[in-house]
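**Student:** Structure in structure tokens, see below.
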Amino acid sequence: MEKTRIFIHREFKRGKIDPRIYGSFVEHMGRVVYSGIYEPGHSTANDDGFRQDVIEKTQQMGVTAVRYPGGNFVSNYDWMDGIGTREKRPRRLDLAWKSIETNEVGIDEFMKWAGKAGIEPILAVNLGTKGIESALSFLEYCNLPVGSYFSDMRCANGNREPYAIKTWCLGNEMDGEWQIGHKTAEEYGRLAHETGKAMKIIDPSIELVVCGSSMSSNPTFGEWERIVLEEAYECADYLSLHQYYGGQEKGTGPFLAQSLDMERYIQTVCGICDTVMLRKHHKKKLGICFDEWGVWSVSDKEVQAKVEQNPWRVAPAISEQIYSMEDALLFASMLMNLIRYSDRVKIACQSLLTNVSACIMTETSGAVWLQTIYYPFALMAKYGQGIVLETRSVGPSYQTDDFSKVPFVDHLAVINQEKKELVLFFVNRSENEAEVEIDIQLLTLGQILESQVLCSKDRKSTNQFDHSCVIPQKLQNFQCDGKCVKGKLLPFSFQLLRISC
């Protein structure tokens, strides 16, 4: 196959990576919370009932922030159900996933878990069945010092110091007809603006995330963003995007090419944000909060069918997808996109942390194991720190029904000036080895510090039964002469390369 040539210049920079790009998502859905992060009686459970083995894997994964409590769940959720004495908390119907919510875990418990895991919480408010009043009381409970009704309630529940939550999401996927309390763009835009305006009166320091489209294929995509921002631009700090990709049955080439749709999605939304900014003569440039993303191979109809078979259970095992090596490649390219656009994408939340479309899987009363997608995330979270560099490339590509030119080699370059190293990430979308040559301008390279590869002879391999089937391996397949880096990527592989500079 023809060689891929990549060109990098030290002074051509895209943006600084916000650590919150390496966020995840915990929703009261399936076994994400109950027997996921929380399982009293488990051999590793701490005094608060949280699984220490999951906390350790979350830390090793490099998760920096977690969005909570949803997700579709939040649109029918009363945050006050999850505070106070556990024995007195109500068992509620969760309409999103047709299950029973016991409310054993609420905001106070989640904050204890967040502290143990060392993550920054991102909270969502209910703008489906609730509204301004509920959002304000939730904010007051979390962020105000003692001396008001809800802050005193927090103190009475054993938490005198405010939680000081910085980032708040104004609802979830309000563009979707599946959402409890679904609204038109005009209705949601007005509600988001009025809610955000009032929340910033209570705490002017917070950042607010306004709902964008829940997927790039939604019929209202584009118009939704424009109308919502016309109403809510003044109070918004970020616009949220959501995107999942499946369709493995179409073949590996078209499946992996979907990361190009994600890139186009980000570019389009940034353009809409900037158009509204100019129309409103505003100086503030909105950031992007990509607060749900991942590979979702199970159709929504399948998920709902399983729920309908036996509804109104506590923590039913739904959508527990098993990811292959092939899935890990698309997942890696999706995360590379988020990092690549770090000049605008400041927050991202991989969906979800445990058991449902998850990096971390748990067995009830048993072990924890890691999916294939865990490893690209962990490697990028650990080494993808610093400044994203612009790159240009020429090389072989392929064509799909949706894209005329899909490069076989996806790539990303990050310079960490504190550690004095250049970090390169690659995805080889080809079934063959891919020869790569990287030309570096105005940057003298030293030695290759680390080279790790995630691959498998069978791209359908998973870690379900053999938990170490697909894990990173060290491989010396690149050379560096100070100005040029050359090597060969293994077929259908993800690769990390660290070089001193």
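Convention: chains lettered A, B, ... in structure tokens order; per-chain residue numbering from 1; ligands numbered from 1 as shown.
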Which residues come within 12 Å of Lys283 (chain A), counting only C-alpha atoms, excluding same-chain residues fewer than 3 positions away, as a PyMOL selection string?
**Tutor:** chain A and resi 233-234+273-280+286
**Student:** List the spatial neighbours of region 352-362 of chain A as a PyMOL selection string - criterion: any atom at most 9 Å away, only C-alpha atoms, same-chain residues fewer than 3 positions off excluded.
**Tutor:** chain A and resi 24-27+29-33+35-37+54+57-58+61+66+292-297+317-323+349+365-375+377
**Student:** Convert the current residue selection to file output with C-alpha atoms, as a PDB file, in the first residue's frame.
**Tutor:**
```pdb
ATOM      1  CA  SER A  24     -17.357  10.053  31.440  1.00  0.00           C
ATOM      2  CA  PHE A  25     -21.023   9.676  32.306  1.00  0.00           C
ATOM      3  CA  VAL A  26     -22.986   7.994  35.108  1.00  0.00           C
ATOM      4  CA  GLU A  27     -26.746   7.700  34.594  1.00  0.00           C
ATOM      5  CA  MET A  29     -29.818   3.361  33.807  1.00  0.00           C
ATOM      6  CA  GLY A  30     -29.513  -0.402  33.941  1.00  0.00           C
ATOM      7  CA  ARG A  31     -26.562  -1.453  36.105  1.00  0.00           C
ATOM      8  CA  VAL A  32     -24.524   1.737  35.755  1.00  0.00           C
ATOM      9  CA  VAL A  33     -25.122   2.795  39.376  1.00  0.00           C
ATOM     10  CA  SER A  35     -23.952  -3.091  41.018  1.00  0.00           C
ATOM     11  CA  GLY A  36     -21.887  -0.809  38.793  1.00  0.00           C
ATOM     12  CA  ILE A  37     -20.294   1.897  40.901  1.00  0.00           C
ATOM     13  CA  VAL A  54     -14.395   0.271  40.045  1.00  0.00           C
ATOM     14  CA  LYS A  57     -10.213   1.326  37.302  1.00  0.00           C
ATOM     15  CA  THR A  58     -11.854   4.744  36.874  1.00  0.00           C
ATOM     16  CA  MET A  61      -8.637   5.090  33.008  1.00  0.00           C
ATOM     17  CA  VAL A  66     -18.404  12.722  35.267  1.00  0.00           C
ATOM     18  CA  GLU A 292     -22.481  11.869  25.400  1.00  0.00           C
ATOM     19  CA  TRP A 293     -20.463   9.925  22.874  1.00  0.00           C
ATOM     20  CA  GLY A 294     -19.556   6.353  22.096  1.00  0.00           C
ATOM     21  CA  VAL A 295     -20.131   3.251  20.009  1.00  0.00           C
ATOM     22  CA  TRP A 296     -23.677   1.915  20.341  1.00  0.00           C
ATOM     23  CA  SER A 297     -24.165  -1.324  18.464  1.00  0.00           C
ATOM     24  CA  ALA A 317     -29.357  -5.510  32.863  1.00  0.00           C
ATOM     25  CA  ILE A 318     -30.025  -3.619  29.624  1.00  0.00           C
ATOM     26  CA  SER A 319     -27.772  -2.596  26.743  1.00  0.00           C
ATOM     27  CA  GLU A 320     -24.710  -4.316  28.183  1.00  0.00           C
ATOM     28  CA  GLN A 321     -22.784  -4.196  24.943  1.00  0.00           C
ATOM     29  CA  ILE A 322     -19.607  -6.156  24.403  1.00  0.00           C
ATOM     30  CA  TYR A 323     -17.022  -4.280  22.377  1.00  0.00           C
ATOM     31  CA  CYS A 349     -18.279  12.582  28.445  1.00  0.00           C
ATOM     32  CA  SER A 365     -20.794  -9.794  43.690  1.00  0.00           C
ATOM     33  CA  GLY A 366     -17.861 -10.605  41.440  1.00  0.00           C
ATOM     34  CA  ALA A 367     -14.958  -9.238  39.436  1.00  0.00           C
ATOM     35  CA  VAL A 368     -14.419  -6.170  37.299  1.00  0.00           C
ATOM     36  CA  TRP A 369     -13.042  -6.373  33.752  1.00  0.00           C
ATOM     37  CA  LEU A 370     -12.137  -3.941  31.007  1.00  0.00           C
ATOM     38  CA  GLN A 371     -13.530  -3.661  27.507  1.00  0.00           C
ATOM     39  CA  THR A 372     -11.399  -3.060  24.406  1.00  0.00           C
ATOM     40  CA  ILE A 373     -12.475   0.595  24.306  1.00  0.00           C
ATOM     41  CA  TYR A 374     -11.013   1.209  27.770  1.00  0.00           C
ATOM     42  CA  TYR A 375      -7.448   1.188  26.490  1.00  0.00           C
ATOM     43  CA  PHE A 377      -9.232   6.181  26.349  1.00  0.00           C
TER      44      PHE A 377
END
```
**Student:** Can you tell me, as a ChimeraX atom specification, what residues are no more than 10 Å from Gln399 (chain A) when counting only C-alpha atoms, ignoring any on the same chain fewer than 4 positions away?
**Tutor:** /A:253-254,257,403-407
**Student:** Save out the residues we just selected, N, CA and C atoms, as a compact mmCIF listing (two decimals), in the first residue's frame.
**Tutor:**
```txt
# COMPACT_ATOMS: atom_id res chain seq x y z
N GLY A 253 -14.98 -1.02 6.76
CA GLY A 253 -14.66 0.27 6.14
C GLY A 253 -15.69 1.34 6.42
N PRO A 254 -16.97 1.13 6.07
CA PRO A 254 -18.00 2.13 6.35
C PRO A 254 -18.18 2.38 7.85
N ALA A 257 -15.43 4.64 9.06
CA ALA A 257 -15.50 5.96 8.41
C ALA A 257 -16.45 6.91 9.12
N PHE A 403 -18.84 8.87 2.17
CA PHE A 403 -17.64 9.69 2.09
C PHE A 403 -16.79 9.27 0.89
N SER A 404 -16.37 10.27 0.12
CA SER A 404 -15.60 9.99 -1.08
C SER A 404 -14.14 9.71 -0.79
N LYS A 405 -13.65 10.18 0.38
CA LYS A 405 -12.24 9.99 0.70
C LYS A 405 -12.07 9.77 2.20
N VAL A 406 -11.79 8.53 2.56
CA VAL A 406 -11.56 8.17 3.96
C VAL A 406 -10.10 7.74 4.09
N PRO A 407 -9.24 8.53 4.75
CA PRO A 407 -7.84 8.13 4.89
C PRO A 407 -7.72 6.81 5.64
```
**Student:** Per DSSP on the backbone, filter region 163-210 of chain A down to the residues in alpha helix (DSSP H) and report them as a PDB file with N, CA, C and O atoms, in the first residue's frame.
**Tutor:**
```pdb
ATOM      1  N   ALA A 185     -37.876  23.699  19.739  1.00  0.00           N
ATOM      2  CA  ALA A 185     -36.675  24.516  19.940  1.00  0.00           C
ATOM      3  C   ALA A 185     -37.024  25.847  20.601  1.00  0.00           C
ATOM      4  O   ALA A 185     -36.298  26.324  21.488  1.00  0.00           O
ATOM      5  N   GLU A 186     -38.138  26.448  20.191  1.00  0.00           N
ATOM      6  CA  GLU A 186     -38.554  27.722  20.788  1.00  0.00           C
ATOM      7  C   GLU A 186     -38.892  27.546  22.262  1.00  0.00           C
ATOM      8  O   GLU A 186     -38.478  28.349  23.104  1.00  0.00           O
ATOM      9  N   GLU A 187     -39.647  26.473  22.578  1.00  0.00           N
ATOM     10  CA  GLU A 187     -40.034  26.233  23.972  1.00  0.00           C
ATOM     11  C   GLU A 187     -38.808  25.974  24.843  1.00  0.00           C
ATOM     12  O   GLU A 187     -38.666  26.549  25.927  1.00  0.00           O
ATOM     13  N   TYR A 188     -37.927  25.120  24.350  1.00  0.00           N
ATOM     14  CA  TYR A 188     -36.746  24.805  25.149  1.00  0.00           C
ATOM     15  C   TYR A 188     -35.819  26.010  25.274  1.00  0.00           C
ATOM     16  O   TYR A 188     -35.292  26.282  26.363  1.00  0.00           O
ATOM     17  N   GLY A 189     -35.616  26.728  24.190  1.00  0.00           N
ATOM     18  CA  GLY A 189     -34.727  27.887  24.228  1.00  0.00           C
ATOM     19  C   GLY A 189     -35.160  28.906  25.269  1.00  0.00           C
ATOM     20  O   GLY A 189     -34.336  29.427  26.033  1.00  0.00           O
ATOM     21  N   ARG A 190     -36.455  29.183  25.323  1.00  0.00           N
ATOM     22  CA  ARG A 190     -36.980  30.142  26.315  1.00  0.00           C
ATOM     23  C   ARG A 190     -36.789  29.606  27.735  1.00  0.00           C
ATOM     24  O   ARG A 190     -36.358  30.339  28.634  1.00  0.00           O
ATOM     25  N   LEU A 191     -37.118  28.322  27.948  1.00  0.00           N
ATOM     26  CA  LEU A 191     -36.994  27.742  29.278  1.00  0.00           C
ATOM     27  C   LEU A 191     -35.530  27.701  29.722  1.00  0.00           C
ATOM     28  O   LEU A 191     -35.211  28.023  30.870  1.00  0.00           O
ATOM     29  N   ALA A 192     -34.644  27.317  28.815  1.00  0.00           N
ATOM     30  CA  ALA A 192     -33.224  27.258  29.151  1.00  0.00           C
ATOM     31  C   ALA A 192     -32.696  28.642  29.516  1.00  0.00           C
ATOM     32  O   ALA A 192     -31.932  28.796  30.480  1.00  0.00           O
ATOM     33  N   HIS A 193     -33.114  29.643  28.770  1.00  0.00           N
ATOM     34  CA  HIS A 193     -32.650  31.008  29.048  1.00  0.00           C
ATOM     35  C   HIS A 193     -33.130  31.479  30.416  1.00  0.00           C
ATOM     36  O   HIS A 193     -32.335  32.012  31.218  1.00  0.00           O
ATOM     37  N   GLU A 194     -34.410  31.290  30.691  1.00  0.00           N
ATOM     38  CA  GLU A 194     -34.952  31.767  31.962  1.00  0.00           C
ATOM     39  C   GLU A 194     -34.380  30.981  33.145  1.00  0.00           C
ATOM     40  O   GLU A 194     -34.115  31.542  34.209  1.00  0.00           O
ATOM     41  N   THR A 195     -34.176  29.670  32.950  1.00  0.00           N
ATOM     42  CA  THR A 195     -33.573  28.862  34.008  1.00  0.00           C
ATOM     43  C   THR A 195     -32.133  29.294  34.254  1.00  0.00           C
ATOM     44  O   THR A 195     -31.707  29.492  35.395  1.00  0.00           O
ATOM     45  N   GLY A 196     -31.379  29.426  33.181  1.00  0.00           N
ATOM     46  CA  GLY A 196     -29.980  29.817  33.302  1.00  0.00           C
ATOM     47  C   GLY A 196     -29.813  31.202  33.898  1.00  0.00           C
ATOM     48  O   GLY A 196     -28.917  31.433  34.724  1.00  0.00           O
ATOM     49  N   LYS A 197     -30.665  32.118  33.496  1.00  0.00           N
ATOM     50  CA  LYS A 197     -30.610  33.487  34.026  1.00  0.00           C
ATOM     51  C   LYS A 197     -30.809  33.484  35.538  1.00  0.00           C
ATOM     52  O   LYS A 197     -30.056  34.136  36.277  1.00  0.00           O
ATOM     53  N   ALA A 198     -31.790  32.707  35.998  1.00  0.00           N
ATOM     54  CA  ALA A 198     -32.064  32.648  37.431  1.00  0.00           C
ATOM     55  C   ALA A 198     -30.951  31.921  38.187  1.00  0.00           C
ATOM     56  O   ALA A 198     -30.574  32.317  39.300  1.00  0.00           O
ATOM     57  N   MET A 199     -30.404  30.858  37.604  1.00  0.00           N
ATOM     58  CA  MET A 199     -29.329  30.120  38.263  1.00  0.00           C
ATOM     59  C   MET A 199     -28.096  31.000  38.455  1.00  0.00           C
ATOM     60  O   MET A 199     -27.424  30.932  39.494  1.00  0.00           O
ATOM     61  N   LYS A 200     -27.813  31.837  37.473  1.00  0.00           N
ATOM     62  CA  LYS A 200     -26.623  32.691  37.586  1.00  0.00           C
ATOM     63  C   LYS A 200     -26.839  33.859  38.547  1.00  0.00           C
ATOM     64  O   LYS A 200     -25.866  34.495  38.961  1.00  0.00           O
ATOM     65  N   ILE A 201     -28.085  34.138  38.906  1.00  0.00           N
ATOM     66  CA  ILE A 201     -28.331  35.105  39.990  1.00  0.00           C
ATOM     67  C   ILE A 201     -27.891  34.493  41.312  1.00  0.00           C
ATOM     68  O   ILE A 201     -27.271  35.156  42.146  1.00  0.00           O
ATOM     69  N   ILE A 202     -28.196  33.206  41.512  1.00  0.00           N
ATOM     70  CA  ILE A 202     -27.796  32.514  42.739  1.00  0.00           C
ATOM     71  C   ILE A 202     -26.285  32.329  42.792  1.00  0.00           C
ATOM     72  O   ILE A 202     -25.647  32.575  43.814  1.00  0.00           O
TER      73      ILE A 202
END
```
**Student:** Excluding region 409-415 of chain A and any residue of its chain fewer than 6 positions from it, enumerate the residues within 10 Å of it, using only C-alpha atoms, and give them as a PyMOL selection string.
**Tutor:** chain A and resi 3-6+8+10+13-17+259+329+332-333+336-337+339-340+383-397+421-430+434-436+489+492-501
**Student:** Determine, counting only C-alpha atoms, which protein, DNA and RNA residues have an atom within 12 Å of an atom of Lys183 (chain A); residues of the same chain fewer than 3 positions away are not included. Present the result as a PyMOL selection string.
**Tutor:** chain A and resi 75+127-129+171-180+186-192+211+220+224+228
**Student:** Counting only C-alpha atoms, which residues of region 357-439 of chain A fall within 6 Å of region 461-485 of chain A, and what is the closest atom pair for each with its distance in Å at one decimal, ordered by chain and rising number, as JSON lines?
**Tutor:**
```
{"residue": "A:Gln371", "atom": "CA", "partner": "A:Asn463", "partner_atom": "CA", "distance": 5.8}
{"residue": "A:Glu437", "atom": "CA", "partner": "A:Val485", "partner_atom": "CA", "distance": 5.7}
{"residue": "A:Ile438", "atom": "CA", "partner": "A:Val485", "partner_atom": "CA", "distance": 5.0}
{"residue": "A:Asp439", "atom": "CA", "partner": "A:Cys484", "partner_atom": "CA", "distance": 4.8}
```
**Student:** Save out the residues we just selected, N, CA and C atoms, as a PDB file, in the first residue's frame.
**Tutor:**
```
ATOM      1  N   GLN A 371     -13.218  -3.469  28.920  1.00  0.00           N
ATOM      2  CA  GLN A 371     -13.530  -3.661  27.507  1.00  0.00           C
ATOM      3  C   GLN A 371     -12.385  -3.141  26.627  1.00  0.00           C
ATOM      4  N   GLU A 437       5.258   7.987   7.386  1.00  0.00           N
ATOM      5  CA  GLU A 437       6.442   8.841   7.535  1.00  0.00           C
ATOM      6  C   GLU A 437       5.978  10.211   8.018  1.00  0.00           C
ATOM      7  N   ILE A 438       6.533  10.672   9.141  1.00  0.00           N
ATOM      8  CA  ILE A 438       6.126  11.956   9.727  1.00  0.00           C
ATOM      9  C   ILE A 438       7.288  12.933   9.630  1.00  0.00           C
ATOM     10  N   ASP A 439       7.082  14.031   8.904  1.00  0.00           N
ATOM     11  CA  ASP A 439       8.089  15.090   8.777  1.00  0.00           C
ATOM     12  C   ASP A 439       7.802  16.170   9.810  1.00  0.00           C
TER      13      ASP A 439
END
```
**Student:** Residues of region 11-171 of chain A classed as strand (DSSP E or B) by DSSP on the backbone are to be reported as a PyMOL selection string.
**Tutor:** chain A and resi 11-16+23-25+34+38+45+50-51+65-68+92-94+99-101+120-125+167-170
**Student:** Write the residues of the preceding selection, restricted to N, CA and C atoms, as a CSV table (one decimal), in the first residue's frame.
**Tutor:**
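Saved file selection_20.csv follows:
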```csv
chain,number,residue,atom,x,y,z
A,11,GLU,N,5.0,25.4,15.2
A,11,GLU,CA,4.3,26.7,15.5
A,11,GLU,C,2.9,26.7,15.1
A,12,PHE,N,2.4,25.6,14.3
A,12,PHE,CA,1.0,25.6,13.9
A,12,PHE,C,0.2,24.8,14.9
A,13,LYS,N,-0.5,25.5,15.8
A,13,LYS,CA,-1.2,24.9,16.9
A,13,LYS,C,-2.7,25.1,16.8
A,14,ARG,N,-3.4,24.1,17.2
A,14,ARG,CA,-4.9,24.1,17.2
A,14,ARG,C,-5.5,24.6,18.5
A,15,GLY,N,-5.0,24.1,19.6
A,15,GLY,CA,-5.6,24.5,20.9
A,15,GLY,C,-5.1,23.7,22.0
A,16,LYS,N,-5.3,24.2,23.2
A,16,LYS,CA,-4.8,23.6,24.4
A,16,LYS,C,-5.9,22.6,24.9
A,23,GLY,N,-13.7,13.1,30.1
A,23,GLY,CA,-14.8,12.9,31.1
A,23,GLY,C,-15.6,11.6,30.7
A,24,SER,N,-16.5,11.2,31.7
A,24,SER,CA,-17.4,10.1,31.4
A,24,SER,C,-18.8,10.4,32.0
A,25,PHE,N,-19.6,9.4,32.1
A,25,PHE,CA,-21.0,9.7,32.3
A,25,PHE,C,-21.6,8.6,33.2
A,34,TYR,N,-26.3,0.9,40.3
A,34,TYR,CA,-26.5,-0.2,41.2
A,34,TYR,C,-25.9,-1.5,40.7
A,38,TYR,N,-21.9,1.2,42.6
A,38,TYR,CA,-22.4,1.1,44.0
A,38,TYR,C,-22.9,-0.4,44.2
A,45,ALA,N,-16.3,-3.2,48.6
A,45,ALA,CA,-17.1,-2.0,48.9
A,45,ALA,C,-16.5,-1.2,50.0
A,50,PHE,N,-19.6,1.9,47.9
A,50,PHE,CA,-19.1,2.0,46.5
A,50,PHE,C,-18.0,1.0,46.3
A,51,ARG,N,-18.0,0.4,45.1
A,51,ARG,CA,-17.0,-0.6,44.8
A,51,ARG,C,-15.6,0.0,44.6
A,65,ALA,N,-13.8,14.0,34.8
A,65,ALA,CA,-15.1,14.6,35.1
A,65,ALA,C,-16.2,13.6,34.8
A,66,VAL,N,-17.3,13.7,35.5
A,66,VAL,CA,-18.4,12.7,35.3
A,66,VAL,C,-19.7,13.5,35.3
A,67,ARG,N,-20.5,13.3,34.3
A,67,ARG,CA,-21.8,13.9,34.2
A,67,ARG,C,-22.8,13.0,34.9
A,68,TYR,N,-23.8,13.6,35.7
A,68,TYR,CA,-24.7,12.9,36.5
A,68,TYR,C,-25.9,13.7,36.7
A,92,ARG,N,-39.5,5.2,43.1
A,92,ARG,CA,-40.1,5.9,42.0
A,92,ARG,C,-40.1,5.1,40.7
A,93,LEU,N,-41.1,5.4,39.8
A,93,LEU,CA,-41.1,4.9,38.5
A,93,LEU,C,-40.2,5.7,37.6
A,94,ASP,N,-39.2,5.1,37.0
A,94,ASP,CA,-38.3,5.8,36.0
A,94,ASP,C,-38.9,5.5,34.6
A,99,SER,N,-38.1,1.3,34.7
A,99,SER,CA,-37.6,0.6,35.9
A,99,SER,C,-38.0,1.2,37.2
A,100,ILE,N,-37.6,0.7,38.3
A,100,ILE,CA,-37.8,1.2,39.6
A,100,ILE,C,-36.6,1.9,40.1
A,101,GLU,N,-36.6,3.1,40.5
A,101,GLU,CA,-35.5,3.8,41.1
A,101,GLU,C,-35.7,3.8,42.6
A,120,GLU,N,-14.2,15.6,38.7
A,120,GLU,CA,-15.1,16.8,38.8
A,120,GLU,C,-16.5,16.5,38.4
A,121,PRO,N,-17.5,16.7,39.3
A,121,PRO,CA,-18.9,16.4,38.9
A,121,PRO,C,-19.4,17.5,37.9
A,122,ILE,N,-20.2,17.0,37.0
A,122,ILE,CA,-21.0,17.8,36.1
A,122,ILE,C,-22.5,17.4,36.3
A,123,LEU,N,-23.3,18.3,36.7
A,123,LEU,CA,-24.7,18.0,37.1
A,123,LEU,C,-25.7,18.4,36.0
A,124,ALA,N,-26.7,17.6,35.8
A,124,ALA,CA,-27.8,18.0,34.9
A,124,ALA,C,-29.1,18.2,35.7
A,125,VAL,N,-29.9,19.2,35.3
A,125,VAL,CA,-31.2,19.5,35.9
A,125,VAL,C,-32.3,19.0,35.0
A,167,THR,N,-20.1,23.2,36.7
A,167,THR,CA,-20.8,23.0,35.4
A,167,THR,C,-22.2,22.3,35.5
A,168,TRP,N,-23.2,23.0,34.9
A,168,TRP,CA,-24.6,22.5,35.0
A,168,TRP,C,-25.2,22.4,33.6
A,169,CYS,N,-25.8,21.2,33.3
A,169,CYS,CA,-26.4,21.0,32.1
A,169,CYS,C,-27.9,21.3,32.2
A,170,LEU,N,-28.4,22.1,31.3
A,170,LEU,CA,-29.8,22.5,31.3
A,170,LEU,C,-30.7,21.5,30.5
```
**Student:** Taking 2 positions as the minimum chain separation for residues in the same chain, which residues sit within 12 Å of Thr252 (chain A) when counting only C-alpha atoms? Answer as JSON, numbers by chain.
**Tutor:** {"A": [246, 247, 248, 249, 250, 254, 255, 256, 257, 258, 324, 325, 326, 327, 328, 329, 330, 398, 400, 408, 428, 429, 430, 431, 459, 460, 492]}
**Student:** How far is it from CA of Lys457 (chain A) to CA of Leu338 (chain A), in Å with one decimal?
**Tutor:**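 Atom-to-atom, CA of Lys457 (chain A) and CA of Leu338 (chain A) are spaced 28.0 Å apart.
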**Student:** Could you make a table, as JSON lines, of the residues of region 244-322 of chain A that have an atom within 8 Å of an atom of region 213-217 of chain A, each with its nearest atom pair and distance in Å to one decimal, counting only C-alpha atoms, in chain and number order?
**Tutor:**
```
{"residue": "A:Tyr244", "atom": "CA", "partner": "A:Met215", "partner_atom": "CA", "distance": 7.5}
{"residue": "A:Met262", "atom": "CA", "partner": "A:Ser216", "partner_atom": "CA", "distance": 7.9}
{"residue": "A:Tyr265", "atom": "CA", "partner": "A:Ser216", "partner_atom": "CA", "distance": 6.2}
```
**Student:** One decimal, in Å: what's the spacing between CA of Glu225 (chain A) and CA of Gln267 (chain A)?
**Tutor:** 13.1 Å
